[in-house]
Every structure is written in structure tokens, then in C-alpha cells.
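Asker: mmCIF, C-alpha atoms, file my_file18.cif:
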```
data_run
#
loop_
_atom_site.label_atom_id
_atom_site.label_comp_id
_atom_site.auth_asym_id
_atom_site.auth_seq_id
_atom_site.Cartn_x
_atom_site.Cartn_y
_atom_site.Cartn_z
CA MET W 28 -24.59 -8.28 6.49
CA LYS W 29 -21.96 -5.70 7.32
CA PRO W 30 -19.47 -4.91 4.52
CA GLU W 31 -16.55 -6.35 6.52
CA ILE W 32 -18.32 -9.71 6.93
CA ILE W 33 -19.05 -9.80 3.19
CA ARG W 34 -15.39 -9.02 2.46
CA GLN W 35 -14.24 -11.90 4.66
CA ILE W 36 -16.62 -14.35 2.99
CA ILE W 37 -15.36 -13.34 -0.47
CA GLN W 38 -11.77 -13.62 0.73
CA LEU W 39 -12.27 -17.14 2.11
CA SER W 40 -13.94 -18.22 -1.13
CA PHE W 41 -11.08 -16.81 -3.16
CA LEU W 42 -8.45 -18.42 -0.92
CA LYS W 43 -10.01 -21.81 -1.66
CA VAL W 44 -9.67 -21.12 -5.38
CA ILE W 45 -6.05 -19.97 -4.95
CA ARG W 46 -5.08 -23.23 -3.23
CA LYS W 47 -6.91 -25.40 -5.74
CA ASP W 48 -5.72 -23.66 -8.90
CA ALA W 49 -2.21 -22.68 -7.68
CA ILE W 50 -2.68 -19.07 -8.77
CA GLN W 51 0.50 -17.03 -9.35
CA ALA W 52 1.83 -14.80 -6.56
CA ASN W 53 0.83 -11.48 -8.16
CA HIS W 54 -2.79 -12.69 -8.36
CA GLN W 55 -3.08 -13.60 -4.69
CA MET W 56 -4.90 -11.53 -2.10
CA THR W 57 -3.16 -9.43 0.52
CA PRO W 58 -3.66 -11.41 3.76
CA ASP W 59 -6.05 -9.97 6.35
CA THR W 60 -3.33 -9.65 8.97
CA ILE W 61 -1.24 -7.39 6.76
CA GLY W 62 -4.24 -5.37 5.58
CA LEU W 63 -5.39 -4.72 9.13
CA ILE W 64 -1.89 -3.70 10.24
CA MET W 65 -1.69 -1.25 7.34
CA ALA W 66 -5.10 0.12 8.33
CA PHE W 67 -3.89 0.49 11.93
CA LEU W 68 -0.82 2.43 10.82
CA ILE W 69 -2.93 4.68 8.60
CA GLU W 70 -5.26 5.46 11.50
CA LYS W 71 -2.26 6.36 13.66
CA VAL W 72 -0.23 8.52 11.26
CA THR W 73 -3.03 10.35 9.42
CA LYS W 74 -5.92 12.60 10.36
CA ILE W 75 -8.42 9.97 9.30
CA LYS W 76 -11.45 12.24 9.45
CA GLU W 77 -9.85 14.24 6.63
CA ILE W 78 -9.42 11.20 4.37
CA LYS W 79 -12.15 11.43 1.73
CA THR W 80 -10.39 9.64 -1.15
CA VAL W 81 -8.00 6.68 -1.28
CA PHE W 82 -6.50 4.90 -4.27
CA ASP W 83 -4.56 1.74 -5.05
CA PRO W 84 -2.48 1.66 -8.28
CA ALA W 85 -2.33 -2.15 -8.21
CA VAL W 86 -5.77 -2.93 -6.79
CA GLY W 87 -6.00 -6.60 -7.80
CA THR W 88 -9.07 -8.13 -6.15
CA ALA W 89 -9.50 -4.98 -3.99
CA ASN W 90 -9.11 -6.97 -0.77
CA LEU W 91 -6.54 -4.55 0.65
CA LEU W 92 -8.42 -1.47 -0.54
CA THR W 93 -11.72 -2.62 0.98
CA THR W 94 -10.04 -3.76 4.20
CA VAL W 95 -8.61 -0.27 4.68
CA MET W 96 -11.80 1.52 3.57
CA ASN W 97 -13.95 -0.50 5.98
CA GLN W 98 -11.61 0.29 8.86
CA LEU W 99 -11.46 3.99 8.01
CA LYS W 100 -15.24 4.23 7.76
CA VAL W 101 -15.52 3.12 11.41
CA ASN W 102 -13.82 6.25 12.77
CA GLY W 103 -13.46 8.46 9.70
CA ASP W 104 -15.57 9.67 6.78
CA LYS W 105 -18.49 7.31 6.10
CA ASP W 106 -18.65 8.48 2.46
CA ILE W 107 -15.01 7.76 1.57
CA VAL W 108 -14.40 7.15 -2.16
CA GLY W 109 -11.92 4.58 -3.45
CA TYR W 110 -10.08 4.34 -6.78
CA GLY W 111 -8.51 1.14 -8.02
CA ILE W 112 -6.28 0.70 -11.06
CA ASP W 113 -5.12 -2.60 -12.55
CA ASN W 114 -4.13 -3.88 -15.99
CA ASP W 115 -5.52 -7.37 -15.31
CA GLU W 116 -9.18 -7.56 -16.29
CA ASP W 117 -9.70 -10.85 -14.43
CA MET W 118 -8.56 -9.30 -11.15
CA LEU W 119 -10.71 -6.25 -11.81
CA GLY W 120 -13.68 -8.55 -12.37
CA VAL W 121 -13.23 -9.93 -8.86
CA ALA W 122 -12.66 -6.40 -7.52
CA SER W 123 -15.90 -5.22 -9.11
CA VAL W 124 -17.96 -7.99 -7.48
CA ASN W 125 -16.08 -7.49 -4.20
CA THR W 126 -16.76 -3.76 -3.95
CA GLU W 127 -20.35 -3.97 -5.22
CA LEU W 128 -21.33 -6.62 -2.68
CA GLN W 129 -19.84 -4.50 0.09
CA HIS W 130 -21.74 -1.44 -1.17
CA LEU W 131 -18.53 0.58 -1.25
CA ASN W 132 -18.05 3.60 -3.50
CA VAL W 133 -15.07 2.39 -5.52
CA LYS W 134 -14.27 3.40 -9.09
CA LEU W 135 -12.19 0.86 -11.01
CA TYR W 136 -9.96 1.54 -14.02
CA HIS W 137 -8.62 -1.09 -16.40
CA GLN W 138 -5.27 0.37 -17.42
CA ASP W 139 -1.52 0.37 -16.92
CA ALA W 140 -0.99 2.44 -13.76
CA VAL W 141 2.39 3.67 -15.01
CA THR W 142 0.58 5.72 -17.67
CA ALA W 143 -1.44 8.89 -16.94
CA LEU W 144 -4.36 8.29 -14.57
CA ASP W 145 -7.81 9.85 -14.84
CA ILE W 146 -8.17 10.61 -11.14
CA SER W 147 -7.73 13.71 -9.00
CA GLN W 148 -5.16 14.04 -6.25
CA CYS W 149 -6.19 11.87 -3.30
CA ASP W 150 -5.88 11.93 0.48
CA LEU W 151 -4.25 8.49 0.75
CA ALA W 152 -2.48 5.92 -1.42
CA ILE W 153 -2.12 2.26 -0.47
CA SER W 154 -0.87 -0.77 -2.34
CA ASP W 155 0.50 -4.28 -2.09
CA LEU W 156 2.91 -3.60 -4.91
CA PRO W 157 3.81 -6.14 -7.61
CA ILE W 158 7.49 -7.03 -7.58
CA GLY W 159 9.65 -7.32 -10.66
CA TYR W 160 10.65 -5.43 -13.77
CA TYR W 161 8.44 -3.17 -15.86
CA PRO W 162 8.81 -4.23 -19.53
CA LEU W 163 7.77 -1.02 -21.34
CA ASP W 164 10.82 1.21 -21.13
CA GLU W 165 9.21 3.94 -23.23
CA ASN W 166 6.47 4.44 -20.62
CA ALA W 167 9.06 4.73 -17.86
CA LYS W 168 11.26 7.36 -19.53
CA ASN W 169 9.73 10.31 -17.67
CA TYR W 170 10.09 8.71 -14.23
CA GLN W 171 12.94 9.74 -11.96
CA THR W 172 12.99 6.23 -10.46
CA ARG W 173 13.60 4.50 -13.79
CA ALA W 174 16.70 2.36 -14.21
CA LYS W 175 19.66 3.92 -16.00
CA GLU W 176 20.10 0.71 -17.96
CA GLY W 177 17.63 -2.07 -18.76
CA HIS W 178 14.14 -2.44 -17.34
CA SER W 179 13.03 -0.50 -14.25
CA TYR W 180 11.56 -1.94 -11.08
CA VAL W 181 7.77 -1.76 -11.36
CA HIS W 182 7.38 -1.11 -7.62
CA HIS W 183 9.68 1.94 -7.88
CA LEU W 184 7.61 3.35 -10.73
CA LEU W 185 4.29 2.73 -8.98
CA ILE W 186 5.49 4.39 -5.78
CA GLU W 187 6.56 7.46 -7.76
CA GLN W 188 3.28 7.47 -9.66
CA SER W 189 1.32 7.20 -6.42
CA MET W 190 3.05 10.23 -4.93
CA ASN W 191 2.17 12.19 -8.08
CA TYR W 192 -1.51 11.70 -7.30
CA LEU W 193 -1.40 12.59 -3.60
CA LYS W 194 -2.32 15.91 -2.06
CA PRO W 195 0.45 17.81 -0.21
CA GLY W 196 0.98 16.24 3.20
CA ALA W 197 -0.88 13.02 2.27
CA PHE W 198 0.53 9.57 3.01
CA GLY W 199 1.42 6.65 0.80
CA VAL W 200 1.48 3.30 2.62
CA PHE W 201 3.00 0.48 0.59
CA LEU W 202 3.82 -3.18 1.00
CA VAL W 203 7.34 -3.52 -0.43
CA PRO W 204 10.26 -5.98 -0.46
CA SER W 205 12.34 -5.72 2.72
CA SER W 206 15.35 -5.39 0.42
CA LEU W 207 13.92 -2.18 -1.10
CA PHE W 208 16.97 -0.10 -0.15
CA GLN W 209 19.56 -2.79 -0.83
CA THR W 210 19.49 -2.88 -4.64
CA LYS W 211 21.74 -1.12 -7.15
CA GLU W 212 18.88 1.29 -7.90
CA SER W 213 18.34 2.27 -4.28
CA GLN W 214 20.60 5.35 -4.39
CA SER W 215 18.58 7.05 -7.13
CA PHE W 216 15.36 5.88 -5.48
CA VAL W 217 16.31 7.54 -2.19
CA LYS W 218 17.34 10.71 -4.05
CA TRP W 219 13.90 10.84 -5.65
CA ILE W 220 12.14 10.31 -2.29
CA GLN W 221 14.07 13.22 -0.78
CA SER W 222 12.91 15.50 -3.60
CA VAL W 223 9.16 14.96 -3.18
CA ALA W 224 8.42 13.14 0.06
CA TYR W 225 9.46 12.36 3.61
CA LEU W 226 10.52 8.81 4.43
CA GLN W 227 8.67 8.41 7.73
CA GLY W 228 8.92 4.69 8.31
CA LEU W 229 9.92 1.22 7.15
CA ILE W 230 8.72 -1.67 9.31
CA ASN W 231 9.53 -5.29 8.54
CA LEU W 232 6.72 -7.82 8.81
CA PRO W 233 7.47 -10.91 10.95
CA ALA W 234 9.85 -13.29 9.21
CA GLU W 235 7.55 -16.18 10.18
CA LEU W 236 5.04 -15.04 7.55
CA PHE W 237 7.43 -15.90 4.73
CA ALA W 238 8.63 -19.40 3.85
CA ASN W 239 11.51 -17.86 1.89
CA PRO W 240 13.51 -15.23 3.86
CA ASN W 241 14.29 -13.44 0.58
CA ALA W 242 10.56 -12.89 0.09
CA GLN W 243 10.12 -10.96 3.36
CA LYS W 244 8.16 -7.74 3.01
CA SER W 245 7.94 -4.43 4.83
CA ILE W 246 5.49 -1.56 5.16
CA LEU W 247 6.83 1.69 3.74
CA LEU W 248 5.45 5.01 5.00
CA LEU W 249 5.98 8.00 2.71
CA GLN W 250 4.47 11.44 3.20
CA ARG W 251 4.27 13.89 0.35
CA GLN W 252 5.98 17.17 1.10
CA GLY W 253 3.83 20.27 1.57
CA GLY W 254 0.94 21.27 3.79
CA ASP W 255 1.82 20.82 7.45
CA SER W 256 4.04 17.79 6.78
CA LYS W 257 7.54 17.52 8.21
CA GLN W 258 10.30 14.97 8.37
CA ALA W 259 10.08 12.86 11.51
CA VAL W 260 13.02 13.47 13.83
CA LYS W 261 13.36 9.71 14.19
CA VAL W 262 12.29 7.51 11.27
CA LEU W 263 10.06 4.62 12.35
CA LEU W 264 12.18 1.51 11.87
CA GLY W 265 11.89 -1.99 13.26
CA GLU W 266 10.21 -5.35 12.82
CA PHE W 267 6.84 -6.48 14.04
CA PRO W 268 7.16 -9.22 16.66
CA SER W 269 5.48 -12.55 16.10
CA PHE W 270 1.72 -12.21 15.86
CA LYS W 271 1.55 -15.22 18.20
CA ASP W 272 3.17 -13.24 21.02
CA LYS W 273 0.27 -11.01 22.02
CA ALA W 274 2.16 -9.18 24.78
CA LYS W 275 5.11 -8.19 22.59
CA PHE W 276 2.81 -7.29 19.70
CA ALA W 277 0.68 -5.03 21.91
CA SER W 278 3.83 -3.40 23.29
CA PHE W 279 5.11 -2.75 19.75
CA MET W 280 1.81 -1.13 18.80
CA ASP W 281 2.10 1.12 21.86
CA ASP W 282 5.61 2.09 20.75
CA ILE W 283 4.22 3.11 17.35
CA SER W 284 1.57 5.28 19.02
CA LYS W 285 4.25 6.98 21.11
CA TRP W 286 6.41 7.50 18.01
CA VAL W 287 3.51 9.22 16.22
CA THR W 288 2.90 11.54 19.19
CA THR W 289 6.59 12.44 19.43
CA ASN W 290 7.43 12.77 15.73
CA LEU W 291 4.31 13.65 13.71
CA ARG W 292 2.05 15.65 16.00
#
```
Taking this structure as input, can you express it in the form of C-alpha cells?
Answerer:
Amino acid sequence: MKPEIIRQIIQLSFLKVIRKDAIQANHQMTPDTIGLIMAFLIEKVTKIKEIKTVFDPAVGTANLLTTVMNQLKVNGDKDIVGYGIDNDEDMLGVASVNTELQHLNVKLYHQDAVTALDISQCDLAISDLPIGYYPLDENAKNYQTRAKEGHSYVHHLLIEQSMNYLKPGAFGVFLVPSSLFQTKESQSFVKWIQSVAYLQGLINLPAELFANPNAQKSILLLQRQGGDSKQAVKVLLGEFPSFKDKAKFASFMDDISKWVTTNLR
């Protein structure tokens, strides 16, 4: 079977387990719809034929990583290499089976992604980031996105860490809380972004996907400074229309394509 079919079978099996065992939110898979949208955005904003390496600092079951890799292999490099980091050995166990059955070249690391990583700079970073506070303040002391008082947001730290391991001009595409820039730490977070990257886009996912409006998420597009990168004249902002409205959704996708042509090419 094709790798994508295998991935879908594993995902459906895991979803059954999630419902039966009421697995915690941070252990759940990134839904297909979101993974495919992220893959679509990556294909639009990057030169996909130049993407040889991709990594996820919170790989979990590797469903998002393999979704993106399978999509990129259709039109990009067939020999793309993936790197996945996670501190949960149970999730990595699923990721290992997942990637092996799909015959994908993915190297997995069981470690805290906030500490130094044993990988080279990559062409792309993706992640469905865990949300909450990082408990080990000592590990966060060298991060510009750390909190001035108390624990730091783990998603801030992982975004900063991801940009550290990207090549100049490479993109980081992250699933983040829609309230990312509405917290007391957002000012220092934006200041850090401006020092190393270009904020190219923040697109809200449809509110209908989230039972709790406070849990709504967005896709953040960051591009590391350097190479032939430049700040988009107009940052890509907006909200995806309902996935049920095919006409509006297709129109929104066309708008994104036009934005890329106008601002990034």
C-alpha cells in the first residue's frame, strides 16, 4: 500500500483508542484536515523541491510530520529526511511504528526539545505545539522568549528553538493558540521574532473545529531571516472559512496563492 494509505489506517486505529481511553489533549493526533492545510501552505510559500530535511520538535505520534512528508514527496524531493523530537517515550513508540510502516526516512530522538538538539540546520520546521508552561526554568534561561517571572510558555520556547535549527530563509509552520499575541508575554515574543525571523502569516482555523472558543488555534508562518528572504509587504492574516462551504474555501485558497505571488515571489 502507498504510505499515505498506511498513515490513514494507523490514524483511524489510534483515534479509536483515543475515544475509548480518553487520552489527554497533548497525546492526541493532529487531525488530517489541519495537517493537509499546513502541507498546502508549505507547498505554496516554500520552494518545495529544495526541501530535503524537515523536523518537528514535538513530534508525538508523527501523524503531522508524515502527513507533510507524504505531501511534499509528491511534488518535491522523494528522498526527504525527517527528524522528530519528543520527551514522551510512549508517543515515540507510536511514531516509530508509524514511520517504519510508511517506509519513511525519519530519525526519532527521545529528549526534551528545549535542550540542545543533535541535528543539523533543516529546510523546514513544523509542529502542532504543546500548550502550557515549561517547568524547568534553568533550561529556559538562555532563551529570549522566556518569561521574566515564573515559568515560560513551552510553545514560545519551542518556536525559538525551531528557528535556531533552520537554515537562513527557511520556514517554520506552527499550530499555535489563536491568542498567541494577546498574552502578557507577547511583547517580548514579538521583539524576539523581529530579531531573527519575518512574521509572514497568522491564519485562524475555523471556529467550528473547536468546542471551546478559547481553544481555537491558528497556523503561524515564520521565515528565518537571511538568504533571499524578505518581509512580506502585507502579512497574511485571516480565518479559514468553514470546510463545509467548498466555494468559499476554494476562494480563500486562491487568495493565499495570490498573496504568495504578490508578497513572496
Asker: Rank nothing, just name the residue among W:Ile37, W:Ile61, W:Leu156, W:Leu249 nearest to Leu236 of chain W, using all atoms listed in the file.
Answerer: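 Of W:Ile37, W:Ile61, W:Leu156, W:Leu249, the one nearest Leu236 of chain W, counting all atoms listed in the file, is W:Ile61.
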Asker: Need to verify the contact set: Glu31 of chain W, 8 Å, all atoms listed in the file, exclusion of same-chain residues closer than 5 positions in sequence. Can you return it as a PyMOL selection string?
Answerer: chain W and resi 94+97+129
Asker: Rounded to one decimal, what separation in Å do you get between atom CA of Ile153 of chain W and atom CA of Val81 of chain W?
Answerer: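 Straight-line distance from atom CA of Ile153 of chain W to atom CA of Val81 of chain W works out to 7.4 Å.
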Asker: Around (-16.2, 6.3, -9.9) in the file's own coordinates, what residues are found within 9 Å if you use only C-alpha atoms, given back as a short mmCIF file (atom, residue, chain, number, x, y, z; two decimals) with C-alpha atoms, keeping the file's coordinate frame?
Answerer:
```cif
data_model
loop_
_atom_site.label_atom_id
_atom_site.label_comp_id
_atom_site.auth_asym_id
_atom_site.auth_seq_id
_atom_site.Cartn_x
_atom_site.Cartn_y
_atom_site.Cartn_z
CA VAL W 108 -14.40 7.15 -2.16
CA GLY W 109 -11.92 4.58 -3.45
CA TYR W 110 -10.08 4.34 -6.78
CA ASN W 132 -18.05 3.60 -3.50
CA VAL W 133 -15.07 2.39 -5.52
CA LYS W 134 -14.27 3.40 -9.09
CA LEU W 135 -12.19 0.86 -11.01
CA TYR W 136 -9.96 1.54 -14.02
#
```
Asker: Identify, on the basis of all atoms listed in the file, every residue whose closest approach to Asp255 of chain W does not exceed 12 Å; exclude the query and any residue fewer than 4 positions from it along the same chain; express the result as a ChimeraX atom specification.
Answerer: /W:73-74,194-197,250-251,291-292
